[in-house]
Amino acid sequence: MSSSEQMATDLQQVLQQGRHRMTPGLSGPQWLSPVRARGAAAVATMSLPDRKQEAWRYSSLGFLDRVSYQPLVEGPFDAILPGDVEDLLLQDSDAVRLVFVNGYLATALTPAVRCCDGATVTNLTAEMGEVPEAVRTQLDAIAEHRHVFAALNSALMSDGALIHVARGVSSAPPIEILHISVGLDEPGIAHPRHLIVLEEGARAEVIERYCAMGDGSYFNNALIEVALGAGSELVHERVQEESPNAQHLSDLHVRLEAGSRYRLVQATLGGAWSRTDVRVTFEGEGAQAELDGLMLARDQQLNDVHLSVHHKVPHCTSHETFKGILDGKGRVVFDGHIVVARDAQKTDAVLANDNLMLSREAEVDAKPQLEIYADDVKCSHGTTVGELDANMLFYLRSRGISEVQAKQMLCQGFAEEILQKIDHPALRARASGLLAARLMESV
Amino acid sequence: MMLSIKNLKAEVEGKEILKGLNLEVGAGEVHAIMGPNGSGKSTLAHVLAGREGYEVTSGEATMDGQDLIGLEPEERAALGVFLAFQYPVELPGVNNTHFLKEALNAQRKARGEPELDSVAFLKLIREKLALVSMKPELLKRPVNAGFSGGEKKRNEILQMALLEPRLAILDETDSGLDIDALKTVSDGVNALRSPERSIILVTHYQRLLDYIQPDFVHVLAGGRIVRSGDKTLAKELEEKGYGWLTGQDEAA
């Protein structure tokens, strides 16, 4: 039996279990049932993506034939204490924190979450209560099941963060979602699910992190939905530092109402196979999205970012800058697709993708695409692929800096344009430090 | 001799540029190397600093008796060789303070000296900034990125002041500077003159030498030094141009 068949079988079992509430992880509250059912129905009609599909042409799922993932069930992870994960925590961070282990809320690691009045930070799959039903109904209303993994997540979602900021409330401090994967004897698949809802005029900063204890093999199939009410503003900072043997898929869906602002900055540094699908939809005029990302693909790593930005209405702005650093036989896939609808006049869209190759064996597959149906827009895209600049290297070395250190400094400099957009000092320091450490092993 | 260059031949992309160059520079001396465009002035500067692609085919260059040619650029820097670039390179994303500190500490480490911590370094760099009248905010920016021509040259002299080389080679440091900037940069260089530090000024124009008085002036033409003298030679060149010397070279 191939792994895809195995996977389907496993999933069927899990679904059955879920329906009968036999698996603790799927025994969530009643209100989730329709979402799970819809996801399960979609799974039944979909197959695994293959490379004949354009969106999956360059990101092979071959690993599914080599590894059979067991569904991860909840805990017990009570044995994991704060001291065990200390090196994964942000230093001197003021953020309130929700910690998940293998998809499930780790209560021992999550200090009592106390945000400010008007902001709720809780476990998505908790029973109904403090979060209004209107917020709950956003779940699965923003995402599209564009591939079976999204549907799987809806069917099998584990725990996740639910962040709700009420109308006009500016949520301070930052809110951190920390997902920790603990390698088990058998490779496992987890389906973290997060929902972020900002009401009209609300503001928040959300940090989303994926870390690992050890270098186990596992598959994180995360799905994140973001709904931004009119005039609201979200700073969304994501750092993926999965185990070198992990697969990580993030399916991120963002819906912007009029005048809202979304700023995404992410650094995808870890994993053997990493893919982020970002789908942004402008539903109201005058909204802005800025998406920035750093992709590290060291030897044998694949780092894929697919952007899909839909300008459905006029006067919206989307600026995307994604940078890749590749070494060894590393691979970067960048697919940036911007659609400007016929009515979306005065759209301002800029898409840039720059790649730095440290090795001749590395590969970049970049596909920036602008699909424009309006006639009064300002849109541009550009892709570059280059090596380290010999003049820059010589300049540094002529000052006494070793060749290895000079290369690291230039790589770090290349990444800096993205990293400096991380507002949160502790997160920026961590991403920067991780990059430096990983480049140290590379160059 | 501090720097001793004997019958140095070097080529760039297979083309011989230096064709048997001899030069002796004593400790504490300031030598100006002048010459027409394409005579090999910048090539000499880059060969001494160890730039890749500038291949020495024969001859030697030693500093205090130690061979330079076989060394990596960073090893030469640690020995005390410093090249102020004609076109200082912009390093996007590399913070200037970080760069200066890493450079200084790399050299100190290579020489077996203790590295400076951030506090000690900041104290030191503030002193040096004053020497070149550089705006402190330029320390917070990426190296040379978006700097004006004058700011870039000041940043070069700042590096020289910080790294305290024993041999400083200034490649056309006067190019692209207005008179005020030229004066500031020259004042900085003059402040760094010392009995232990030798300076080679590579320049096309006599103008720089009004501000930094050389002990010796050499004319480089066709890859060789064709005439050496004291600072009066520079005056003579200003009056007569290079033609009478390069003509002599061709005749020889």
# chains A, B, ... in the order shown; residues from 1 in each chain; ligands from 1

call {"tool": "closest_atom_pairs", "arguments": {"of": "stretch 149-181 of chain B", "to": "stretch 210-232 of chain B", "cutoff": "12 Å", "atoms": "only C-alpha atoms", "output": "JSON lines"}}
result
{"residue": "B:Leu170", "atom": "CA", "partner": "B:Ile212", "partner_atom": "CA", "distance": 11.5}
{"residue": "B:Thr173", "atom": "CA", "partner": "B:Ile212", "partner_atom": "CA", "distance": 11.4}
{"residue": "B:Asp174", "atom": "CA", "partner": "B:Tyr211", "partner_atom": "CA", "distance": 10.4}
{"residue": "B:Ile179", "atom": "CA", "partner": "B:Tyr211", "partner_atom": "CA", "distance": 10.3}
{"residue": "B:Asp180", "atom": "CA", "partner": "B:Tyr211", "partner_atom": "CA", "distance": 11.4}
{"residue": "B:Ala181", "atom": "CA", "partner": "B:Tyr211", "partner_atom": "CA", "distance": 11.5}

call {"tool": "interface_residues", "arguments": {"of": "chain B", "to": "chain A", "cutoff": "10 Å", "atoms": "only C-alpha atoms", "output": "JSON, numbers by chain"}}
result
{"B": [46, 49, 50, 51, 52, 72, 73, 74, 75, 76, 77, 78, 79, 80, 81, 82, 83, 84, 85, 88, 89, 90, 91, 92, 93, 94, 95, 98, 99, 100, 102, 103, 104, 105, 106, 107, 108, 109, 110, 142, 159, 160, 163]}

call {"tool": "closest_residue", "arguments": {"among": "A:Leu256, A:Ala155, A:Val148, A:Val239", "to": "A:Val313", "atoms": "only C-alpha atoms"}}
result
A:Leu256

call {"tool": "closest_residue", "arguments": {"among": "A:Asp159, A:Asp423, A:Glu371, A:Asp354", "to": "A:Arg238", "atoms": "only C-alpha atoms"}}
result
A:Asp423

call {"tool": "residues_around", "arguments": {"residues": "stretch 183-195 of chain A", "least_positions_apart": "3", "cutoff": "8 Å", "atoms": "only C-alpha atoms", "output": "JSON, numbers by chain"}}
result
{"A": [67, 68, 69, 70, 71, 72, 102, 103, 104, 124, 139, 152, 153, 156, 157, 158, 159, 160, 161, 162, 163, 212, 213, 214, 215, 216, 217, 218, 219, 220, 221, 222, 223, 224, 225, 226]}

call {"tool": "write_last_selection", "arguments": {"atoms": "N, CA and C atoms", "output": "tab-separated table (two decimals), in the first residue's frame"}}
result
chain	number	residue	atom	x	y	z
A	67	VAL	N	7.24	7.91	3.93
A	67	VAL	CA	6.90	7.96	5.35
A	67	VAL	C	5.41	7.75	5.52
A	68	SER	N	5.06	6.95	6.47
A	68	SER	CA	3.65	6.81	6.80
A	68	SER	C	3.40	7.56	8.11
A	69	TYR	N	2.57	8.58	8.03
A	69	TYR	CA	2.35	9.41	9.21
A	69	TYR	C	1.17	8.89	10.01
A	70	GLN	N	1.40	8.78	11.28
A	70	GLN	CA	0.31	8.39	12.16
A	70	GLN	C	-0.37	9.65	12.68
A	71	PRO	N	-1.70	9.60	12.76
A	71	PRO	CA	-2.38	10.78	13.32
A	71	PRO	C	-1.94	10.98	14.76
A	72	LEU	N	-1.67	12.21	15.10
A	72	LEU	CA	-1.26	12.50	16.46
A	72	LEU	C	-2.49	12.73	17.31
A	102	ASN	N	2.58	19.22	19.59
A	102	ASN	CA	2.03	18.29	18.60
A	102	ASN	C	0.56	18.58	18.29
A	103	GLY	N	0.23	19.85	18.28
A	103	GLY	CA	-1.12	20.25	17.88
A	103	GLY	C	-2.06	20.54	19.04
A	104	TYR	N	-1.65	20.19	20.25
A	104	TYR	CA	-2.59	20.32	21.37
A	104	TYR	C	-2.09	21.27	22.44
A	124	LEU	N	-8.88	27.38	20.47
A	124	LEU	CA	-9.96	27.39	19.48
A	124	LEU	C	-11.01	26.31	19.76
A	139	LEU	N	-14.93	30.52	11.55
A	139	LEU	CA	-14.09	29.36	11.33
A	139	LEU	C	-14.50	28.63	10.06
A	152	LEU	N	-8.29	18.34	5.04
A	152	LEU	CA	-7.87	17.47	6.14
A	152	LEU	C	-7.80	18.24	7.44
A	153	ASN	N	-7.25	19.45	7.34
A	153	ASN	CA	-7.14	20.24	8.56
A	153	ASN	C	-8.52	20.52	9.14
A	156	LEU	N	-9.80	17.26	10.65
A	156	LEU	CA	-9.05	16.65	11.75
A	156	LEU	C	-8.40	17.67	12.68
A	157	MET	N	-8.78	18.91	12.55
A	157	MET	CA	-8.05	19.94	13.30
A	157	MET	C	-7.86	19.57	14.76
A	158	SER	N	-6.65	19.87	15.21
A	158	SER	CA	-6.35	19.64	16.62
A	158	SER	C	-6.73	20.93	17.35
A	159	ASP	N	-5.94	21.30	18.33
A	159	ASP	CA	-6.20	22.58	18.98
A	159	ASP	C	-5.57	23.70	18.16
A	160	GLY	N	-5.75	24.90	18.64
A	160	GLY	CA	-5.15	26.04	17.98
A	160	GLY	C	-5.55	27.30	18.71
A	161	ALA	N	-5.06	28.41	18.20
A	161	ALA	CA	-5.36	29.67	18.88
A	161	ALA	C	-6.60	30.31	18.29
A	162	LEU	N	-7.42	30.84	19.18
A	162	LEU	CA	-8.49	31.71	18.73
A	162	LEU	C	-8.20	33.08	19.33
A	163	ILE	N	-7.99	34.04	18.44
A	163	ILE	CA	-7.69	35.39	18.90
A	163	ILE	C	-8.78	36.30	18.39
A	212	ALA	N	10.78	22.83	17.24
A	212	ALA	CA	10.87	21.39	17.49
A	212	ALA	C	11.76	21.11	18.68
A	213	MET	N	11.39	20.04	19.40
A	213	MET	CA	12.31	19.48	20.38
A	213	MET	C	12.93	18.28	19.68
A	214	GLY	N	14.21	18.34	19.46
A	214	GLY	CA	14.87	17.25	18.75
A	214	GLY	C	14.72	17.38	17.24
A	215	ASP	N	15.18	16.34	16.53
A	215	ASP	CA	15.17	16.45	15.06
A	215	ASP	C	14.30	15.36	14.45
A	216	GLY	N	13.17	15.15	15.07
A	216	GLY	CA	12.27	14.09	14.61
A	216	GLY	C	11.64	14.35	13.26
A	217	SER	N	10.99	13.31	12.75
A	217	SER	CA	10.27	13.40	11.49
A	217	SER	C	8.79	13.52	11.80
A	218	TYR	N	8.16	14.51	11.25
A	218	TYR	CA	6.72	14.71	11.47
A	218	TYR	C	6.21	15.67	10.40
A	219	PHE	N	4.91	15.78	10.33
A	219	PHE	CA	4.29	16.64	9.32
A	219	PHE	C	3.31	17.57	10.04
A	220	ASN	N	3.57	18.85	9.95
A	220	ASN	CA	2.62	19.81	10.50
A	220	ASN	C	1.80	20.39	9.36
A	221	ASN	N	0.53	20.19	9.44
A	221	ASN	CA	-0.39	20.67	8.41
A	221	ASN	C	-1.26	21.76	9.05
A	222	ALA	N	-0.73	22.98	9.03
A	222	ALA	CA	-1.40	24.08	9.74
A	222	ALA	C	-2.30	24.86	8.81
A	223	LEU	N	-3.37	25.37	9.37
A	223	LEU	CA	-4.25	26.25	8.61
A	223	LEU	C	-4.59	27.45	9.49
A	224	ILE	N	-4.43	28.62	8.91
A	224	ILE	CA	-4.63	29.84	9.69
A	224	ILE	C	-5.62	30.72	8.93
A	225	GLU	N	-6.61	31.20	9.65
A	225	GLU	CA	-7.57	32.11	9.03
A	225	GLU	C	-7.51	33.45	9.73
A	226	VAL	N	-7.53	34.51	8.93
A	226	VAL	CA	-7.45	35.86	9.48
A	226	VAL	C	-8.59	36.69	8.87

call {"tool": "residues_around", "arguments": {"residues": "A:Gly270", "least_positions_apart": "6", "cutoff": "7 Å", "atoms": "only C-alpha atoms", "output": "mmCIF file with C-alpha atoms, in the first residue's frame"}}
result
data_model
loop_
_atom_site.group_PDB
_atom_site.id
_atom_site.type_symbol
_atom_site.label_atom_id
_atom_site.label_comp_id
_atom_site.auth_asym_id
_atom_site.auth_seq_id
_atom_site.Cartn_x
_atom_site.Cartn_y
_atom_site.Cartn_z
ATOM 1 C CA GLN A 240 9.167 28.511 11.143
ATOM 2 C CA GLU A 241 12.120 26.677 12.682
ATOM 3 C CA GLU A 242 10.977 23.074 12.331
ATOM 4 C CA SER A 243 13.215 20.037 12.719
ATOM 5 C CA PRO A 244 15.484 19.342 9.727
#

call {"tool": "residues_around", "arguments": {"residues": "stretch 125-129 of chain B", "least_positions_apart": "6", "cutoff": "9 Å", "atoms": "only C-alpha atoms", "output": "MDAnalysis selection string"}}
result
chainID B and resid 97 100:101 135:136 155 158:159 161:162

call {"tool": "write_last_selection", "arguments": {"atoms": "N, CA and C atoms", "output": "PDB file, in the first residue's frame"}}
result
ATOM      1  N   THR B  97      28.270  50.113  12.013  1.00  0.00           N
ATOM      2  CA  THR B  97      28.937  49.881  13.301  1.00  0.00           C
ATOM      3  C   THR B  97      29.360  48.417  13.442  1.00  0.00           C
ATOM      4  N   LEU B 100      32.388  47.763  11.257  1.00  0.00           N
ATOM      5  CA  LEU B 100      33.630  48.332  11.792  1.00  0.00           C
ATOM      6  C   LEU B 100      34.136  47.505  12.981  1.00  0.00           C
ATOM      7  N   LYS B 101      33.202  47.095  13.817  1.00  0.00           N
ATOM      8  CA  LYS B 101      33.587  46.324  15.005  1.00  0.00           C
ATOM      9  C   LYS B 101      34.121  44.952  14.598  1.00  0.00           C
ATOM     10  N   LYS B 135      29.138  62.311  10.500  1.00  0.00           N
ATOM     11  CA  LYS B 135      27.910  62.328  11.284  1.00  0.00           C
ATOM     12  C   LYS B 135      27.706  60.973  11.961  1.00  0.00           C
ATOM     13  N   PRO B 136      27.459  60.970  13.280  1.00  0.00           N
ATOM     14  CA  PRO B 136      27.296  59.687  13.997  1.00  0.00           C
ATOM     15  C   PRO B 136      26.180  58.821  13.421  1.00  0.00           C
ATOM     16  N   ASN B 155      34.097  57.707   5.352  1.00  0.00           N
ATOM     17  CA  ASN B 155      33.957  56.381   5.969  1.00  0.00           C
ATOM     18  C   ASN B 155      35.223  55.552   5.748  1.00  0.00           C
ATOM     19  N   LEU B 158      37.693  56.933   8.152  1.00  0.00           N
ATOM     20  CA  LEU B 158      37.298  56.486   9.489  1.00  0.00           C
ATOM     21  C   LEU B 158      37.817  55.070   9.744  1.00  0.00           C
ATOM     22  N   GLN B 159      37.671  54.223   8.739  1.00  0.00           N
ATOM     23  CA  GLN B 159      38.167  52.844   8.881  1.00  0.00           C
ATOM     24  C   GLN B 159      39.679  52.830   9.078  1.00  0.00           C
ATOM     25  N   ALA B 161      41.437  55.213  10.398  1.00  0.00           N
ATOM     26  CA  ALA B 161      41.721  55.721  11.739  1.00  0.00           C
ATOM     27  C   ALA B 161      41.482  54.635  12.787  1.00  0.00           C
ATOM     28  N   LEU B 162      40.453  53.840  12.547  1.00  0.00           N
ATOM     29  CA  LEU B 162      40.091  52.799  13.506  1.00  0.00           C
ATOM     30  C   LEU B 162      41.071  51.627  13.449  1.00  0.00           C
TER      31      LEU B 162
END

call {"tool": "closest_residue", "arguments": {"among": "B:Leu237, B:Val119, B:Ala10, B:Val30", "to": "B:Ala45", "atoms": "only C-alpha atoms"}}
result
B:Ala10

call {"tool": "select_by_dssp", "arguments": {"residues": "stretch 44-220 of chain B", "states": "strand (DSSP E)", "output": "PDB file with C-alpha atoms, in the first residue's frame"}}
result
ATOM      1  CA  TYR B  54      44.911  40.558 -10.078  1.00  0.00           C
ATOM      2  CA  GLU B  55      47.557  37.982 -10.740  1.00  0.00           C
ATOM      3  CA  VAL B  56      51.181  38.508  -9.887  1.00  0.00           C
ATOM      4  CA  THR B  57      53.257  36.737 -12.509  1.00  0.00           C
ATOM      5  CA  SER B  58      56.706  37.602 -11.211  1.00  0.00           C
ATOM      6  CA  GLY B  59      58.586  39.803  -8.807  1.00  0.00           C
ATOM      7  CA  GLU B  60      57.875  40.317  -5.132  1.00  0.00           C
ATOM      8  CA  ALA B  61      56.241  42.603  -2.628  1.00  0.00           C
ATOM      9  CA  THR B  62      57.282  42.343   1.004  1.00  0.00           C
ATOM     10  CA  MET B  63      56.356  44.170   4.147  1.00  0.00           C
ATOM     11  CA  GLN B  66      57.459  39.249   4.842  1.00  0.00           C
ATOM     12  CA  ASP B  67      56.019  38.207   1.510  1.00  0.00           C
ATOM     13  CA  VAL B  81      47.823  46.741   4.961  1.00  0.00           C
ATOM     14  CA  PHE B  82      44.851  49.020   4.341  1.00  0.00           C
ATOM     15  CA  LEU B  83      43.337  50.071   1.034  1.00  0.00           C
ATOM     16  CA  ALA B  84      41.070  53.097   0.918  1.00  0.00           C
ATOM     17  CA  LEU B 167      50.662  50.723   5.378  1.00  0.00           C
ATOM     18  CA  ALA B 168      47.728  52.748   4.065  1.00  0.00           C
ATOM     19  CA  ILE B 169      47.143  52.857   0.337  1.00  0.00           C
ATOM     20  CA  LEU B 170      44.730  55.604  -0.660  1.00  0.00           C
ATOM     21  CA  ASP B 171      43.387  54.940  -4.137  1.00  0.00           C
ATOM     22  CA  SER B 198      53.576  54.598   5.771  1.00  0.00           C
ATOM     23  CA  ILE B 199      51.130  56.033   3.289  1.00  0.00           C
ATOM     24  CA  ILE B 200      50.850  55.609  -0.452  1.00  0.00           C
ATOM     25  CA  LEU B 201      48.670  58.187  -2.155  1.00  0.00           C
ATOM     26  CA  VAL B 202      47.489  57.094  -5.559  1.00  0.00           C
ATOM     27  CA  THR B 203      46.221  60.127  -7.417  1.00  0.00           C
ATOM     28  CA  PHE B 216      58.298  61.326  -2.427  1.00  0.00           C
ATOM     29  CA  VAL B 217      56.475  61.517  -5.728  1.00  0.00           C
ATOM     30  CA  HIS B 218      56.588  58.765  -8.352  1.00  0.00           C
ATOM     31  CA  VAL B 219      55.236  58.765 -11.840  1.00  0.00           C
ATOM     32  CA  LEU B 220      53.769  55.476 -12.988  1.00  0.00           C
TER      33      LEU B 220
END

call {"tool": "select_by_dssp", "arguments": {"residues": "stretch 7-248 of chain B", "states": "alpha helix (DSSP H)", "output": "VMD selection string"}}
result
chain B and resid 41 to 49 73 to 79 96 to 110 118 to 131 149 to 163 179 to 191 207 to 211 231 to 240 243 to 248

call {"tool": "write_last_selection", "arguments": {"atoms": "C-alpha atoms", "output": "CSV table (one decimal), in the first residue's frame"}}
result
chain,number,residue,atom,x,y,z
B,41,LYS,CA,48.0,53.0,-10.4
B,42,SER,CA,44.9,51.3,-9.2
B,43,THR,CA,46.1,47.9,-10.2
B,44,LEU,CA,49.1,48.4,-8.0
B,45,ALA,CA,46.8,49.3,-5.1
B,46,HIS,CA,44.6,46.3,-5.6
B,47,VAL,CA,47.6,43.9,-6.1
B,48,LEU,CA,49.0,45.0,-2.7
B,49,ALA,CA,45.6,44.5,-1.0
B,73,PRO,CA,43.4,39.8,1.7
B,74,GLU,CA,42.4,39.4,5.4
B,75,GLU,CA,45.9,38.2,6.3
B,76,ARG,CA,47.4,41.3,4.7
B,77,ALA,CA,44.9,43.4,6.6
B,78,ALA,CA,45.9,41.9,9.9
B,79,LEU,CA,49.5,42.6,9.0
B,96,ASN,CA,28.2,50.2,9.6
B,97,THR,CA,28.9,49.9,13.3
B,98,HIS,CA,28.7,46.1,13.1
B,99,PHE,CA,31.1,46.1,10.1
B,100,LEU,CA,33.6,48.3,11.8
B,101,LYS,CA,33.6,46.3,15.0
B,102,GLU,CA,33.9,43.0,13.2
B,103,ALA,CA,36.8,44.3,11.1
B,104,LEU,CA,38.7,45.6,14.1
B,105,ASN,CA,38.1,42.5,16.2
B,106,ALA,CA,39.0,40.2,13.3
B,107,GLN,CA,42.3,42.0,13.0
B,108,ARG,CA,42.9,42.0,16.7
B,109,LYS,CA,42.1,38.4,17.0
B,110,ALA,CA,44.5,37.5,14.1
B,118,SER,CA,30.6,46.8,22.5
B,119,VAL,CA,31.1,49.5,25.1
B,120,ALA,CA,34.8,49.8,24.5
B,121,PHE,CA,34.3,49.8,20.8
B,122,LEU,CA,31.6,52.6,20.9
B,123,LYS,CA,33.9,54.7,23.0
B,124,LEU,CA,36.7,54.2,20.5
B,125,ILE,CA,34.7,54.8,17.4
B,126,ARG,CA,33.3,58.1,18.8
B,127,GLU,CA,36.8,59.4,19.1
B,128,LYS,CA,37.6,58.4,15.6
B,129,LEU,CA,34.4,59.9,14.1
B,130,ALA,CA,35.5,63.4,15.3
B,131,LEU,CA,38.7,63.0,13.4
B,149,GLY,CA,30.5,60.6,-2.4
B,150,GLY,CA,32.1,62.6,0.4
B,151,GLU,CA,30.5,60.5,3.1
B,152,LYS,CA,31.9,57.4,1.5
B,153,LYS,CA,35.4,58.7,1.5
B,154,ARG,CA,35.1,59.9,5.1
B,155,ASN,CA,34.0,56.4,6.0
B,156,GLU,CA,37.1,55.0,4.3
B,157,ILE,CA,39.3,57.3,6.4
B,158,LEU,CA,37.3,56.5,9.5
B,159,GLN,CA,38.2,52.8,8.9
B,160,MET,CA,41.8,53.8,8.5
B,161,ALA,CA,41.7,55.7,11.7
B,162,LEU,CA,40.1,52.8,13.5
B,163,LEU,CA,42.2,50.0,12.1
B,179,ILE,CA,37.1,71.3,-1.8
B,180,ASP,CA,35.6,71.2,1.6
B,181,ALA,CA,35.3,67.4,1.7
B,182,LEU,CA,38.8,67.1,0.3
B,183,LYS,CA,40.1,69.3,3.1
B,184,THR,CA,38.3,67.3,5.8
B,185,VAL,CA,39.5,64.0,4.4
B,186,SER,CA,43.1,65.4,4.0
B,187,ASP,CA,43.1,66.6,7.6
B,188,GLY,CA,42.0,63.2,8.7
B,189,VAL,CA,44.9,61.6,6.8
B,190,ASN,CA,47.4,64.1,8.1
B,191,ALA,CA,46.3,63.4,11.6
B,207,ARG,CA,45.5,68.9,-6.0
B,208,LEU,CA,45.5,66.3,-3.2
B,209,LEU,CA,49.2,67.0,-2.6
B,210,ASP,CA,48.5,70.6,-1.7
B,211,TYR,CA,46.7,69.1,1.3
B,231,LYS,CA,57.1,67.1,-4.1
B,232,THR,CA,58.5,69.5,-6.6
B,233,LEU,CA,58.0,66.7,-9.2
B,234,ALA,CA,54.3,67.0,-8.6
B,235,LYS,CA,54.4,70.8,-9.4
B,236,GLU,CA,56.4,70.0,-12.5
B,237,LEU,CA,53.8,67.5,-13.6
B,238,GLU,CA,51.0,70.1,-13.0
B,239,GLU,CA,52.8,72.5,-15.4
B,240,LYS,CA,53.9,70.1,-18.0
B,243,GLY,CA,53.3,63.7,-21.8
B,244,TRP,CA,57.0,64.5,-21.4
B,245,LEU,CA,57.4,61.5,-19.1
B,246,THR,CA,55.4,59.0,-20.9
B,247,GLY,CA,57.0,60.0,-24.1
B,248,GLN,CA,60.3,59.3,-22.4

call {"tool": "residues_around", "arguments": {"residues": "A:Leu326", "least_positions_apart": "6", "cutoff": "9 Å", "atoms": "only C-alpha atoms", "output": "list in words"}}
result
Met295, Leu296, Ala297, Arg298, Asp299, Gln301, Val332, Asn355, Leu356, Met357, Leu358, Ser359, Ala362, Glu363 and Val364 of chain A

call {"tool": "write_last_selection", "arguments": {"atoms": "C-alpha atoms", "output": "tab-separated table (two decimals), in the first residue's frame"}}
result
chain	number	residue	atom	x	y	z
A	295	MET	CA	13.21	31.60	2.75
A	296	LEU	CA	16.23	29.57	3.72
A	297	ALA	CA	16.93	26.47	1.67
A	298	ARG	CA	20.07	24.72	2.73
A	299	ASP	CA	21.29	21.47	1.27
A	301	GLN	CA	15.80	21.59	1.92
A	332	VAL	CA	13.29	27.57	-3.40
A	355	ASN	CA	17.36	34.96	-4.48
A	356	LEU	CA	20.92	34.55	-3.34
A	357	MET	CA	22.61	31.36	-4.46
A	358	LEU	CA	25.57	30.14	-2.44
A	359	SER	CA	25.91	27.02	-4.51
A	362	ALA	CA	20.84	24.96	-5.77
A	363	GLU	CA	17.66	25.61	-7.72
A	364	VAL	CA	15.11	28.40	-7.77

call {"tool": "residues_around", "arguments": {"residues": "stretch 338-351 of chain A", "least_positions_apart": "6", "cutoff": "10 Å", "atoms": "only C-alpha atoms", "output": "PyMOL selection string"}}
result
chain A and resi 279-282+285-286+288-292+307-322+368-383

call {"tool": "write_last_selection", "arguments": {"atoms": "C-alpha atoms", "output": "PDB file, in the first residue's frame"}}
result
ATOM      1  CA  ARG A 279      -4.194  33.709   0.097  1.00  0.00           C
ATOM      2  CA  VAL A 280      -5.180  37.325   0.549  1.00  0.00           C
ATOM      3  CA  THR A 281      -8.548  38.631  -0.521  1.00  0.00           C
ATOM      4  CA  PHE A 282      -9.457  42.304  -0.604  1.00  0.00           C
ATOM      5  CA  GLU A 285     -11.707  49.422  -0.642  1.00  0.00           C
ATOM      6  CA  GLY A 286      -8.592  51.129   0.631  1.00  0.00           C
ATOM      7  CA  GLN A 288      -3.425  47.376   2.390  1.00  0.00           C
ATOM      8  CA  ALA A 289      -1.399  44.216   2.619  1.00  0.00           C
ATOM      9  CA  GLU A 290       2.339  44.000   2.965  1.00  0.00           C
ATOM     10  CA  LEU A 291       3.754  40.506   2.733  1.00  0.00           C
ATOM     11  CA  ASP A 292       7.435  39.874   3.309  1.00  0.00           C
ATOM     12  CA  LEU A 307       1.066  33.753  -2.814  1.00  0.00           C
ATOM     13  CA  SER A 308      -2.351  34.346  -4.164  1.00  0.00           C
ATOM     14  CA  VAL A 309      -3.538  37.918  -3.818  1.00  0.00           C
ATOM     15  CA  HIS A 310      -6.976  38.877  -5.046  1.00  0.00           C
ATOM     16  CA  HIS A 311      -7.712  42.524  -5.649  1.00  0.00           C
ATOM     17  CA  LYS A 312     -11.463  42.353  -5.993  1.00  0.00           C
ATOM     18  CA  VAL A 313     -12.186  46.001  -5.181  1.00  0.00           C
ATOM     19  CA  PRO A 314     -10.588  49.370  -6.047  1.00  0.00           C
ATOM     20  CA  HIS A 315      -7.930  51.334  -4.182  1.00  0.00           C
ATOM     21  CA  CYS A 316      -6.142  48.502  -2.452  1.00  0.00           C
ATOM     22  CA  THR A 317      -2.414  48.095  -2.083  1.00  0.00           C
ATOM     23  CA  SER A 318      -0.390  44.910  -1.893  1.00  0.00           C
ATOM     24  CA  HIS A 319       3.378  44.864  -1.648  1.00  0.00           C
ATOM     25  CA  GLU A 320       5.230  41.573  -1.505  1.00  0.00           C
ATOM     26  CA  THR A 321       8.945  41.038  -1.023  1.00  0.00           C
ATOM     27  CA  PHE A 322      10.270  37.517  -0.669  1.00  0.00           C
ATOM     28  CA  PRO A 368       5.684  35.922 -10.486  1.00  0.00           C
ATOM     29  CA  GLN A 369       2.371  36.403 -12.214  1.00  0.00           C
ATOM     30  CA  LEU A 370       0.196  39.449 -12.597  1.00  0.00           C
ATOM     31  CA  GLU A 371      -3.246  38.835 -13.942  1.00  0.00           C
ATOM     32  CA  ILE A 372      -4.808  42.219 -14.566  1.00  0.00           C
ATOM     33  CA  TYR A 373      -8.314  42.888 -15.784  1.00  0.00           C
ATOM     34  CA  ALA A 374      -8.548  46.550 -14.748  1.00  0.00           C
ATOM     35  CA  ASP A 375      -7.038  49.333 -16.848  1.00  0.00           C
ATOM     36  CA  ASP A 376      -6.012  51.955 -14.300  1.00  0.00           C
ATOM     37  CA  VAL A 377      -3.575  50.218 -11.999  1.00  0.00           C
ATOM     38  CA  LYS A 378       0.028  50.400 -10.895  1.00  0.00           C
ATOM     39  CA  CYS A 379       1.478  46.922 -10.880  1.00  0.00           C
ATOM     40  CA  SER A 380       4.957  45.530 -11.214  1.00  0.00           C
ATOM     41  CA  HIS A 381       6.906  42.405 -10.510  1.00  0.00           C
ATOM     42  CA  GLY A 382      10.500  41.363 -10.607  1.00  0.00           C
ATOM     43  CA  THR A 383      12.669  38.376  -9.832  1.00  0.00           C
TER      44      THR A 383
END

call {"tool": "atom_distance", "arguments": {"atom1": "atom CA of A:Leu234", "atom2": "atom CA of A:Leu98"}}
result
17.9 Å

call {"tool": "closest_residue", "arguments": {"among": "A:Ile325, A:Ala366, A:Val113, A:Leu427", "to": "A:Lys407", "atoms": "only C-alpha atoms"}}
result
A:Ile325

call {"tool": "atom_distance", "arguments": {"atom1": "atom CA of A:Ile80", "atom2": "atom CA of A:His179"}}
result
13.4 Å
